[in-house]
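Q: What follows is model.txt, compact mmCIF, C-alpha atoms.
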```txt
# COMPACT_ATOMS: atom_id res chain seq x y z
CA MET A 1 -11.34 51.39 -15.63
CA ALA A 2 -8.48 51.98 -13.24
CA ASP A 3 -6.04 52.48 -16.11
CA GLN A 4 -8.20 55.03 -17.96
CA GLU A 5 -5.96 57.81 -19.28
CA PHE A 6 -6.61 61.42 -18.42
CA GLU A 7 -4.75 64.69 -18.46
CA SER A 8 -3.06 65.68 -15.21
CA VAL A 9 -4.18 68.98 -13.67
CA VAL A 10 -1.37 69.05 -11.13
CA THR A 11 1.09 71.82 -11.93
CA ASP A 12 4.59 72.48 -10.60
CA GLU A 13 3.14 75.44 -8.67
CA MET A 14 0.75 73.06 -6.90
CA LYS A 15 3.52 70.58 -6.13
CA ALA A 16 5.62 73.42 -4.70
CA LEU A 17 2.91 73.96 -2.03
CA ILE A 18 3.42 70.48 -0.55
CA GLY A 19 4.83 70.82 2.96
CA VAL A 20 4.48 74.61 3.06
CA LYS A 21 2.53 75.73 6.10
CA GLY A 22 -0.22 78.30 5.59
CA GLU A 23 -1.26 81.11 7.89
CA GLU A 24 -1.77 80.29 11.57
CA THR A 25 -5.24 80.01 13.10
CA VAL A 26 -5.78 80.57 16.82
CA SER A 27 -8.59 78.54 18.41
CA GLU A 28 -9.85 78.57 21.95
CA LEU A 29 -11.59 76.06 24.17
CA THR A 30 -13.96 77.33 26.85
CA THR A 31 -16.18 75.42 29.26
CA THR A 32 -19.18 76.49 27.17
CA SER A 33 -17.62 75.45 23.85
CA VAL A 34 -16.62 72.03 25.25
CA ARG A 35 -20.16 71.50 26.63
CA MET A 36 -21.70 72.52 23.28
CA PHE A 37 -19.51 70.17 21.28
CA ALA A 38 -20.05 67.25 23.71
CA ARG A 39 -23.81 67.81 23.69
CA SER A 40 -23.91 67.91 19.89
CA VAL A 41 -22.21 64.49 19.66
CA GLY A 42 -24.52 63.10 22.33
CA TYR A 43 -22.06 62.45 25.17
CA VAL A 44 -23.63 61.63 28.54
CA ASP A 45 -20.30 61.45 30.44
CA PRO A 46 -20.47 64.14 33.20
CA ALA A 47 -16.72 64.84 32.76
CA PHE A 48 -17.64 67.04 29.77
CA TYR A 49 -20.22 69.09 31.68
CA ASP A 50 -19.20 69.24 35.36
CA GLU A 51 -15.78 70.70 36.21
CA ALA A 52 -15.66 68.99 39.62
CA VAL A 53 -16.10 65.57 37.95
CA ALA A 54 -13.48 66.47 35.32
CA ARG A 55 -10.96 67.40 38.05
CA GLU A 56 -11.66 64.20 40.02
CA ARG A 57 -10.82 62.34 36.81
CA GLY A 58 -7.44 64.13 36.59
CA PHE A 59 -8.27 66.80 34.01
CA ARG A 60 -7.31 70.46 34.45
CA SER A 61 -10.84 71.47 33.40
CA LEU A 62 -13.51 70.05 31.07
CA PRO A 63 -11.63 67.81 28.57
CA ALA A 64 -12.06 68.23 24.82
CA PRO A 65 -14.03 65.30 23.35
CA PRO A 66 -12.19 63.47 20.53
CA GLY A 67 -12.58 65.53 17.37
CA TYR A 68 -12.79 68.90 19.16
CA LEU A 69 -9.70 71.03 18.65
CA GLY A 70 -11.14 74.39 19.65
CA THR A 71 -13.21 77.10 18.02
CA PRO A 72 -11.31 79.56 15.80
CA ILE A 73 -11.17 83.17 16.96
CA PHE A 74 -12.30 85.28 14.03
CA ASN A 75 -14.21 88.34 12.99
CA PRO A 76 -17.29 87.34 10.94
CA ALA A 77 -16.89 90.53 8.90
CA GLU A 78 -13.61 89.17 7.56
CA SER A 79 -14.51 85.52 7.31
CA ASP A 80 -16.47 82.93 5.40
CA ALA A 81 -20.09 82.60 6.59
CA THR A 82 -20.14 78.81 6.20
CA PHE A 83 -16.90 77.67 7.82
CA GLY A 84 -16.07 80.85 9.80
CA GLY A 85 -12.43 81.25 10.66
CA ARG A 86 -11.19 77.88 9.40
CA ARG A 87 -8.49 77.95 6.77
CA GLY A 88 -7.91 75.52 3.96
CA GLY A 89 -4.91 73.46 2.89
CA GLY A 90 -2.09 75.96 3.10
CA GLY A 91 -3.26 78.08 0.18
CA PHE A 92 -3.98 75.18 -2.19
CA ARG A 93 -7.04 75.50 -4.44
CA SER A 94 -8.18 72.58 -6.57
CA PRO A 95 -8.90 73.35 -10.23
CA TYR A 96 -11.99 71.11 -9.96
CA PRO A 97 -15.26 72.65 -8.74
CA LEU A 98 -16.88 69.72 -6.89
CA VAL A 99 -15.56 68.56 -3.54
CA LEU A 100 -16.21 65.61 -1.25
CA ASN A 101 -14.87 65.11 2.26
CA GLY A 102 -12.84 61.91 1.96
CA GLY A 103 -11.83 61.31 5.53
CA THR A 104 -10.48 62.54 8.85
CA ASP A 105 -7.54 61.30 10.89
CA ILE A 106 -6.65 62.88 14.24
CA GLU A 107 -3.69 61.69 16.23
CA TYR A 108 -3.18 62.93 19.79
CA THR A 109 0.21 63.24 21.46
CA GLY A 110 -1.23 62.51 24.90
CA GLU A 111 -1.03 66.06 26.29
CA GLN A 112 -4.39 67.04 27.81
CA ILE A 113 -6.60 69.38 25.78
CA CYS A 114 -9.02 71.17 28.10
CA ALA A 115 -11.27 74.21 28.48
CA GLY A 116 -9.02 77.22 29.05
CA ASP A 117 -6.51 76.13 26.40
CA THR A 118 -5.63 78.12 23.31
CA LEU A 119 -4.45 76.11 20.30
CA THR A 120 -2.48 77.53 17.40
CA SER A 121 -2.69 75.56 14.19
CA ALA A 122 -1.18 75.71 10.74
CA THR A 123 -2.10 73.60 7.74
CA ALA A 124 0.13 72.33 4.96
CA LEU A 125 -0.74 70.37 1.87
CA ALA A 126 0.73 66.90 2.52
CA SER A 127 0.08 65.12 -0.77
CA LEU A 128 -1.68 65.30 -4.12
CA GLN A 129 -2.80 62.23 -6.00
CA GLU A 130 -4.82 61.80 -9.18
CA ARG A 131 -6.99 58.82 -9.89
CA TRP A 132 -9.71 57.87 -12.34
CA SER A 133 -13.11 57.40 -10.74
CA GLY A 134 -14.81 54.49 -12.46
CA ALA A 135 -18.01 55.25 -10.52
CA LEU A 136 -18.22 58.90 -11.61
CA GLY A 137 -16.48 58.52 -14.96
CA VAL A 138 -14.21 61.50 -14.23
CA PRO A 139 -10.68 62.05 -12.91
CA MET A 140 -10.36 62.83 -9.21
CA LEU A 141 -7.77 64.88 -7.37
CA ILE A 142 -7.14 63.57 -3.86
CA GLN A 143 -5.51 66.08 -1.56
CA VAL A 144 -4.37 65.40 1.99
CA SER A 145 -3.86 68.39 4.26
CA GLU A 146 -2.04 68.12 7.54
CA THR A 147 -2.70 70.47 10.45
CA THR A 148 -0.54 70.62 13.57
CA TYR A 149 -2.07 71.96 16.80
CA THR A 150 0.16 73.51 19.46
CA ASN A 151 -1.07 74.65 22.90
CA GLN A 152 -0.30 77.84 24.84
CA HIS A 153 2.76 76.13 26.38
CA GLY A 154 4.28 75.34 22.99
CA GLN A 155 3.42 71.62 23.23
CA VAL A 156 2.12 69.87 20.12
CA VAL A 157 -1.18 68.28 21.21
CA ALA A 158 -2.57 66.84 17.98
CA VAL A 159 -2.00 66.38 14.27
CA SER A 160 -5.00 66.06 11.99
CA ARG A 161 -5.07 64.90 8.38
CA GLY A 162 -8.02 65.71 6.20
CA THR A 163 -8.64 64.14 2.80
CA GLY A 164 -10.44 66.20 0.16
CA ILE A 165 -11.60 64.69 -3.13
CA SER A 166 -12.30 67.13 -5.96
CA TYR A 167 -13.57 66.37 -9.44
CA PRO A 168 -15.15 67.98 -12.52
CA ALA A 169 -18.89 67.75 -13.14
CA PRO A 170 -19.58 64.39 -14.83
CA SER A 171 -20.78 64.97 -18.40
CA GLY A 172 -23.98 63.15 -19.42
CA MET B 1 -29.63 55.06 27.34
CA SER B 2 -26.19 53.62 27.99
CA ASP B 3 -24.36 54.18 31.28
CA ALA B 4 -22.93 57.68 31.57
CA VAL B 5 -19.51 56.29 32.49
CA PRO B 6 -18.87 52.64 31.53
CA ASP B 7 -16.89 50.37 33.87
CA GLN B 8 -13.12 50.54 33.40
CA ILE B 9 -11.65 47.84 31.19
CA TYR B 10 -7.99 46.84 31.61
CA PHE B 11 -5.25 45.99 29.10
CA GLU B 12 -5.02 42.43 30.46
CA ASP B 13 -8.73 41.85 29.78
CA ILE B 14 -8.43 42.54 26.03
CA GLU B 15 -7.65 39.98 23.32
CA VAL B 16 -7.08 40.49 19.62
CA GLY B 17 -10.37 39.75 17.85
CA ASP B 18 -12.54 41.05 20.71
CA SER B 19 -15.51 43.19 19.75
CA ILE B 20 -15.96 46.27 21.90
CA PRO B 21 -19.36 47.50 23.17
CA GLU B 22 -21.35 49.09 20.33
CA LEU B 23 -22.67 52.64 20.41
CA GLU B 24 -25.97 53.41 18.77
CA LYS B 25 -26.88 56.80 17.30
CA SER B 26 -29.97 58.04 15.48
CA PRO B 27 -28.96 61.36 13.95
CA THR B 28 -31.88 63.77 13.52
CA SER B 29 -32.03 67.19 11.84
CA GLN B 30 -32.02 68.61 15.39
CA GLN B 31 -28.70 66.92 16.14
CA LEU B 32 -27.18 68.20 12.88
CA VAL B 33 -28.13 71.76 13.87
CA GLN B 34 -26.57 71.22 17.31
CA TRP B 35 -23.43 69.89 15.58
CA ALA B 36 -23.30 72.87 13.21
CA ALA B 37 -23.18 75.16 16.25
CA GLY B 38 -20.82 72.93 18.25
CA SER B 39 -18.34 72.43 15.42
CA GLY B 40 -18.72 75.70 13.49
CA ASP B 41 -19.60 73.96 10.19
CA PHE B 42 -22.69 75.72 8.82
CA TYR B 43 -22.74 74.17 5.33
CA GLN B 44 -26.43 74.19 4.33
CA ILE B 45 -26.51 70.65 2.88
CA HIS B 46 -26.68 69.46 6.51
CA TYR B 47 -29.87 71.28 7.57
CA ASP B 48 -31.64 72.80 4.54
CA THR B 49 -33.46 70.23 2.39
CA SER B 50 -33.97 72.56 -0.62
CA TYR B 51 -30.31 73.56 -0.57
CA ALA B 52 -29.21 69.91 -0.35
CA GLN B 53 -31.49 68.98 -3.25
CA ASP B 54 -30.16 71.87 -5.36
CA THR B 55 -26.68 70.33 -5.06
CA GLY B 56 -27.96 66.96 -6.30
CA LEU B 57 -28.48 65.21 -2.97
CA ASP B 58 -31.76 63.44 -2.11
CA ASP B 59 -31.94 65.16 1.26
CA ILE B 60 -29.83 66.55 4.10
CA ILE B 61 -26.86 64.39 5.10
CA VAL B 62 -24.92 63.79 8.31
CA HIS B 63 -21.64 65.76 8.55
CA GLY B 64 -18.58 63.57 7.94
CA ALA B 65 -16.87 65.10 10.97
CA LEU B 66 -19.88 64.17 13.16
CA LYS B 67 -19.45 60.53 12.11
CA HIS B 68 -15.76 60.89 13.04
CA ALA B 69 -16.82 62.31 16.42
CA PHE B 70 -19.26 59.38 16.94
CA LEU B 71 -16.30 57.01 16.42
CA GLY B 72 -14.38 59.15 18.92
CA GLU B 73 -17.17 58.62 21.46
CA LEU B 74 -17.10 54.85 20.80
CA LEU B 75 -13.37 54.85 21.66
CA TRP B 76 -13.80 57.25 24.61
CA ARG B 77 -16.35 54.86 26.15
CA PHE B 78 -14.15 51.82 25.45
CA ALA B 79 -11.02 53.46 26.95
CA GLY B 80 -12.97 54.33 30.11
CA PRO B 81 -12.23 56.98 32.74
CA GLU B 82 -8.57 55.90 33.15
CA GLY B 83 -7.85 55.30 29.47
CA GLN B 84 -6.99 57.69 26.65
CA VAL B 85 -8.01 58.05 23.02
CA LYS B 86 -4.81 58.32 20.92
CA ARG B 87 -6.08 58.27 17.38
CA VAL B 88 -9.36 58.33 15.46
CA GLN B 89 -9.19 57.81 11.69
CA CYS B 90 -12.02 57.18 9.25
CA SER B 91 -12.93 57.44 5.57
CA TYR B 92 -16.26 58.76 4.33
CA ARG B 93 -17.32 56.18 1.77
CA GLY B 94 -20.94 57.22 1.49
CA MET B 95 -23.58 59.71 2.55
CA ASP B 96 -25.78 59.06 5.56
CA PRO B 97 -29.23 60.61 5.82
CA ALA B 98 -30.71 62.14 9.01
CA ALA B 99 -34.23 61.64 10.34
CA GLN B 100 -36.62 64.57 9.86
CA GLY B 101 -40.22 65.51 10.61
CA ARG B 102 -42.26 62.65 12.04
CA GLU B 103 -39.92 60.08 10.61
CA SER B 104 -38.72 57.57 13.17
CA ALA B 105 -35.11 58.19 14.16
CA GLN B 106 -34.80 54.39 14.45
CA GLU B 107 -34.97 54.14 10.65
CA LYS B 108 -31.86 56.29 10.44
CA LYS B 109 -30.04 54.27 13.10
CA PHE B 110 -26.25 54.56 12.82
CA THR B 111 -24.24 52.01 14.81
CA LEU B 112 -20.60 52.40 15.78
CA ARG B 113 -18.61 49.18 16.18
CA GLY B 114 -15.02 48.19 16.86
CA THR B 115 -12.79 45.11 16.90
CA VAL B 116 -9.36 44.80 18.53
CA THR B 117 -6.64 44.15 15.92
CA ARG B 118 -3.44 44.49 17.97
CA LYS B 119 -2.24 45.05 21.55
CA TYR B 120 1.26 45.93 22.66
CA THR B 121 3.25 47.85 25.24
CA GLU B 122 5.36 50.87 24.30
CA GLY B 123 7.44 52.12 27.22
CA GLU B 124 4.91 52.20 30.05
CA ARG B 125 1.92 52.62 27.79
CA ASN B 126 -0.48 49.81 27.00
CA ILE B 127 -1.69 50.36 23.47
CA VAL B 128 -4.68 48.79 21.77
CA GLU B 129 -5.39 49.20 18.05
CA LEU B 130 -8.84 48.65 16.59
CA ASN B 131 -10.78 48.50 13.38
CA ILE B 132 -13.75 50.80 13.81
CA GLU B 133 -16.76 51.50 11.60
CA GLY B 134 -20.01 53.38 11.27
CA VAL B 135 -22.82 51.12 10.05
CA ARG B 136 -26.17 52.14 8.51
CA ALA B 137 -29.56 50.68 9.47
CA ASP B 138 -29.37 48.32 6.44
CA GLY B 139 -26.04 46.91 7.64
CA SER B 140 -23.82 48.62 5.06
CA VAL B 141 -20.62 50.30 6.28
CA SER B 142 -20.36 53.97 5.27
CA THR B 143 -17.51 54.98 7.57
CA PRO B 144 -14.64 52.50 8.03
CA GLY B 145 -11.56 53.43 10.02
CA ASN B 146 -8.96 52.69 12.65
CA GLY B 147 -8.55 53.73 16.26
CA VAL B 148 -5.85 53.62 18.91
CA VAL B 149 -6.41 53.83 22.66
CA VAL B 150 -4.19 53.60 25.74
CA LEU B 151 -5.58 51.40 28.52
CA PRO B 152 -4.60 51.13 32.18
CA SER B 153 -3.07 47.92 33.51
CA ARG B 154 -4.34 45.88 36.44
CA GLY B 155 -0.61 45.75 37.29
```
Now, as a test, write the supplied structure out as structure tokens.
A:
Amino acid sequence: MADQEFESVVTDEMKALIGVKGEETVSELTTTSVRMFARSVGYVDPAFYDEAVARERGFRSLPAPPGYLGTPIFNPAESDATFGGRRGGGGFRSPYPLVLNGGTDIEYTGEQICAGDTLTSATALASLQERWSGALGVPMLIQVSETTYTNQHGQVVAVSRGTGISYPAPSG
Amino acid sequence: MSDAVPDQIYFEDIEVGDSIPELEKSPTSQQLVQWAAGSGDFYQIHYDTSYAQDTGLDDIIVHGALKHAFLGELLWRFAGPEGQVKRVQCSYRGMDPAAQGRESAQEKKFTLRGTVTRKYTEGERNIVELNIEGVRADGSVSTPGNGVVVLPSRG
């Protein structure tokens, strides 16, 4: 079914968004937010909970566990209740209503990310791809968004790529 | 419970094809609530059974990003106190349920595994690439991916 024909929903306006960075988000890491994240994953390494241990290990303060790139600073009155403060793919909105999280890729530059840091991030749509889903019997739009995180010293600390898969409701 | 801080492994001790120590998780509804708070993702399909069922799911499911973070912990433990996690990548190929009520968390066991695929030196950095994956209790892989770590040298 891979060669099933379907009508493209990708417009020139959508293509024009590729590579265009959206609004910036400012996120902060605090000792409490690092401890909360580490606890929620299930880490038992004391470096995430005890600043003295973290410093002995060469960190400036509690290090961010992989996957934690700060908590956005936002006003709940002006934000989404579900994903508070996080912004999507540089203004791109899929024409399809149903969405699946396809994957996550975070690459670190090697600069430490620790409690006390403030990260500024901006997201751009990196690619759009359309494919027929044999399993669902519908076309899928696969969007990759790329977010670059820069610390308070202007150093890029991480780049994350998120894959979103959107599709229309299968009929019958 | 596994050791809080595993012994340091060195670049020289690693061969392509080596399996790294596994990490076992048993996500419960309690952990998903902790993750919602820790990560800021409060989507109801991860903690509200009725809501999840209204969207067509059988029950609440584990957050994709939590599975990514589990793989991050696998690599953090492998890299050890002197190593560094450089990259964590994974695809979400299927939903994973979480244990609720009196259900045994063991039945919802989720195992993180990794195998070394390449090792090389770039400048002064000793880099190890791995295939990594999240595996369900029935042995199926829901979360395949790749990881990169930097390891210290015995040098």
Q: Record the distance separating CA of Thr150 in chain A and CA of Tyr120 in chain B, expressed in Å with one decimal.
A: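 Atom-to-atom, CA of Thr150 in chain A to CA of Tyr120 in chain B, that is 27.8 Å.
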Q: Counting all atoms listed in the file, figure out which residue out of A:Glu23, A:Asp117, A:Glu51, A:Glu107 gets nearest to Arg35 in chain A.
A: A:Glu51
Q: I'd like the contact shell of range 99-112 of chain B - 6 Å cut-off, all atoms listed in the file, skipping same-chain residues fewer than 3 positions apart - returned as number ranges by chain.
A: B: 22-26, 28-29, 133-137
Q: Give me the chain A side of the contact with chain B, cut-off 7 Å, one line per residue showing its nearest atom pair and distance in Å at one decimal, counting all atoms listed in the file, sorted by chain and residue number, as a tab-separated table.
A:
```
residue	atom	partner	partner_atom	distance
A:Ser33	CA	B:Gly38	CA	6.9
A:Met36	CA	B:Gly38	CA	5.1
A:Phe37	CA	B:Gly38	CA	4.3
A:Ser40	CA	B:Trp35	CA	4.8
A:Val41	CA	B:Phe70	CA	6.5
A:Val44	CA	B:Ala4	CA	5.0
A:Asp45	CA	B:Ala4	CA	4.7
A:Arg57	CA	B:Pro81	CA	6.9
A:Pro66	CA	B:Gly72	CA	5.1
A:Gly67	CA	B:Ala69	CA	5.4
A:Thr82	CA	B:Phe42	CA	4.8
A:Phe83	CA	B:Asp41	CA	5.2
A:Gly84	CA	B:Gly40	CA	6.9
A:Asn101	CA	B:Tyr92	CA	6.8
A:Gly102	CA	B:Tyr92	CA	5.2
A:Gly103	CA	B:Ser91	CA	4.0
A:Thr104	CA	B:Cys90	CA	5.6
A:Asp105	CA	B:Gln89	CA	3.9
A:Ile106	CA	B:Val88	CA	5.4
A:Glu107	CA	B:Arg87	CA	4.3
A:Tyr108	CA	B:Lys86	CA	5.0
A:Gly110	CA	B:Lys86	CA	6.8
```
Q: Determine the nearest neighbour of Leu130 in chain B from the options B:Gln8, B:Ser50, B:Ser153, B:Thr115, counting only C-alpha atoms.
A: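 Among the listed residues, B:Thr115 lies closest to Leu130 in chain B.
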Q: Leaving out Ala122 in chain A and any residue of its chain fewer than 4 positions from it, which residues lie within 8 Å of it when counting all atoms listed in the file, given as a ChimeraX atom specification?
A: /A:21-25,90,147-149
Q: Keeping only C-alpha atoms, write the selected residues as a PDB file, keeping the file's coordinate frame.
A:
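Saved result, part11.pdb, follows:
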```pdb
ATOM      1  CA  LYS A  21       2.530  75.730   6.100  1.00  0.00           C
ATOM      2  CA  GLY A  22      -0.220  78.300   5.590  1.00  0.00           C
ATOM      3  CA  GLU A  23      -1.260  81.110   7.890  1.00  0.00           C
ATOM      4  CA  GLU A  24      -1.770  80.290  11.570  1.00  0.00           C
ATOM      5  CA  THR A  25      -5.240  80.010  13.100  1.00  0.00           C
ATOM      6  CA  GLY A  90      -2.090  75.960   3.100  1.00  0.00           C
ATOM      7  CA  THR A 147      -2.700  70.470  10.450  1.00  0.00           C
ATOM      8  CA  THR A 148      -0.540  70.620  13.570  1.00  0.00           C
ATOM      9  CA  TYR A 149      -2.070  71.960  16.800  1.00  0.00           C
TER      10      TYR A 149
END
```
Q: Quick check, in Å to one decimal: how far apart do CA of Thr109 in chain A and CA of Pro65 in chain A lie?
A: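 Atom-to-atom, CA of Thr109 in chain A and CA of Pro65 in chain A are spaced 14.5 Å apart.
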Q: Around the point (-8.4, 69.8, 34.0) in the file's coordinates, collect all residues with an atom within 8 Å, using only C-alpha atoms, and return them as a VMD selection string.
A: chain A and resid 51 54 to 55 58 to 63 112 114 to 115
Q: Would you work out the distance separating CA of Val16 in chain B from CA of Val116 in chain B, expressed in Å to one decimal?
A: 5.0 Å
Q: Restricted to C-alpha atoms, what does range 70-132 of chain B look like when written out as an mmCIF file, in the first residue's frame?
A:
```cif
data_model
loop_
_atom_site.group_PDB
_atom_site.id
_atom_site.type_symbol
_atom_site.label_atom_id
_atom_site.label_comp_id
_atom_site.auth_asym_id
_atom_site.auth_seq_id
_atom_site.Cartn_x
_atom_site.Cartn_y
_atom_site.Cartn_z
ATOM 1 C CA PHE B 70 14.289 6.432 30.688
ATOM 2 C CA LEU B 71 16.684 5.876 27.764
ATOM 3 C CA GLY B 72 18.566 8.973 28.947
ATOM 4 C CA GLU B 73 18.937 7.379 32.391
ATOM 5 C CA LEU B 74 20.182 4.132 30.792
ATOM 6 C CA LEU B 75 22.930 6.144 29.039
ATOM 7 C CA TRP B 76 23.656 8.300 32.119
ATOM 8 C CA ARG B 77 24.288 5.135 34.153
ATOM 9 C CA PHE B 78 26.420 3.599 31.378
ATOM 10 C CA ALA B 79 28.533 6.776 30.941
ATOM 11 C CA GLY B 80 29.197 6.867 34.699
ATOM 12 C CA PRO B 81 30.257 9.806 36.878
ATOM 13 C CA GLU B 82 33.129 10.810 34.543
ATOM 14 C CA GLY B 83 31.284 10.259 31.271
ATOM 15 C CA GLN B 84 28.785 12.409 29.392
ATOM 16 C CA VAL B 85 25.546 11.779 27.532
ATOM 17 C CA LYS B 86 25.826 13.412 24.078
ATOM 18 C CA ARG B 87 22.689 12.312 22.323
ATOM 19 C CA VAL B 88 19.449 10.457 23.050
ATOM 20 C CA GLN B 89 17.184 9.675 20.087
ATOM 21 C CA CYS B 90 14.157 7.412 19.950
ATOM 22 C CA SER B 91 10.986 6.740 17.965
ATOM 23 C CA TYR B 92 7.630 6.013 19.565
ATOM 24 C CA ARG B 93 6.397 2.982 17.660
ATOM 25 C CA GLY B 94 3.656 1.973 20.050
ATOM 26 C CA MET B 95 1.760 2.854 23.199
ATOM 27 C CA ASP B 96 2.842 1.513 26.569
ATOM 28 C CA PRO B 97 0.348 1.084 29.396
ATOM 29 C CA ALA B 98 1.014 1.986 33.058
ATOM 30 C CA ALA B 99 0.111 -0.096 36.109
ATOM 31 C CA GLN B 100 -2.884 1.110 38.117
ATOM 32 C CA GLY B 101 -4.865 0.139 41.212
ATOM 33 C CA ARG B 102 -3.796 -3.170 42.710
ATOM 34 C CA GLU B 103 -2.292 -4.318 39.455
ATOM 35 C CA SER B 104 1.268 -5.546 39.807
ATOM 36 C CA ALA B 105 3.756 -3.048 38.415
ATOM 37 C CA GLN B 106 5.809 -6.087 37.332
ATOM 38 C CA GLU B 107 3.207 -6.820 34.638
ATOM 39 C CA LYS B 108 3.910 -3.413 33.134
ATOM 40 C CA LYS B 109 7.678 -3.894 33.303
ATOM 41 C CA PHE B 110 9.550 -1.736 30.784
ATOM 42 C CA THR B 111 13.200 -2.637 30.201
ATOM 43 C CA LEU B 112 15.803 -0.326 28.703
ATOM 44 C CA ARG B 113 18.639 -1.989 26.797
ATOM 45 C CA GLY B 114 21.620 -0.910 24.726
ATOM 46 C CA THR B 115 24.293 -2.382 22.456
ATOM 47 C CA VAL B 116 27.528 -0.693 21.359
ATOM 48 C CA THR B 117 27.589 -0.139 17.575
ATOM 49 C CA ARG B 118 30.694 2.024 17.116
ATOM 50 C CA LYS B 119 33.598 3.525 19.085
ATOM 51 C CA TYR B 120 36.000 6.203 17.913
ATOM 52 C CA THR B 121 38.074 9.152 19.054
ATOM 53 C CA GLU B 122 37.312 12.694 17.905
ATOM 54 C CA GLY B 123 39.969 15.156 19.039
ATOM 55 C CA GLU B 124 40.414 14.249 22.701
ATOM 56 C CA ARG B 125 36.949 12.803 23.095
ATOM 57 C CA ASN B 126 36.260 9.093 23.242
ATOM 58 C CA ILE B 127 32.898 8.541 21.639
ATOM 59 C CA VAL B 128 30.693 5.475 21.870
ATOM 60 C CA GLU B 129 27.544 5.032 19.761
ATOM 61 C CA LEU B 130 24.803 2.627 20.744
ATOM 62 C CA ASN B 131 21.534 1.138 19.626
ATOM 63 C CA ILE B 132 19.108 1.612 22.482
#
```
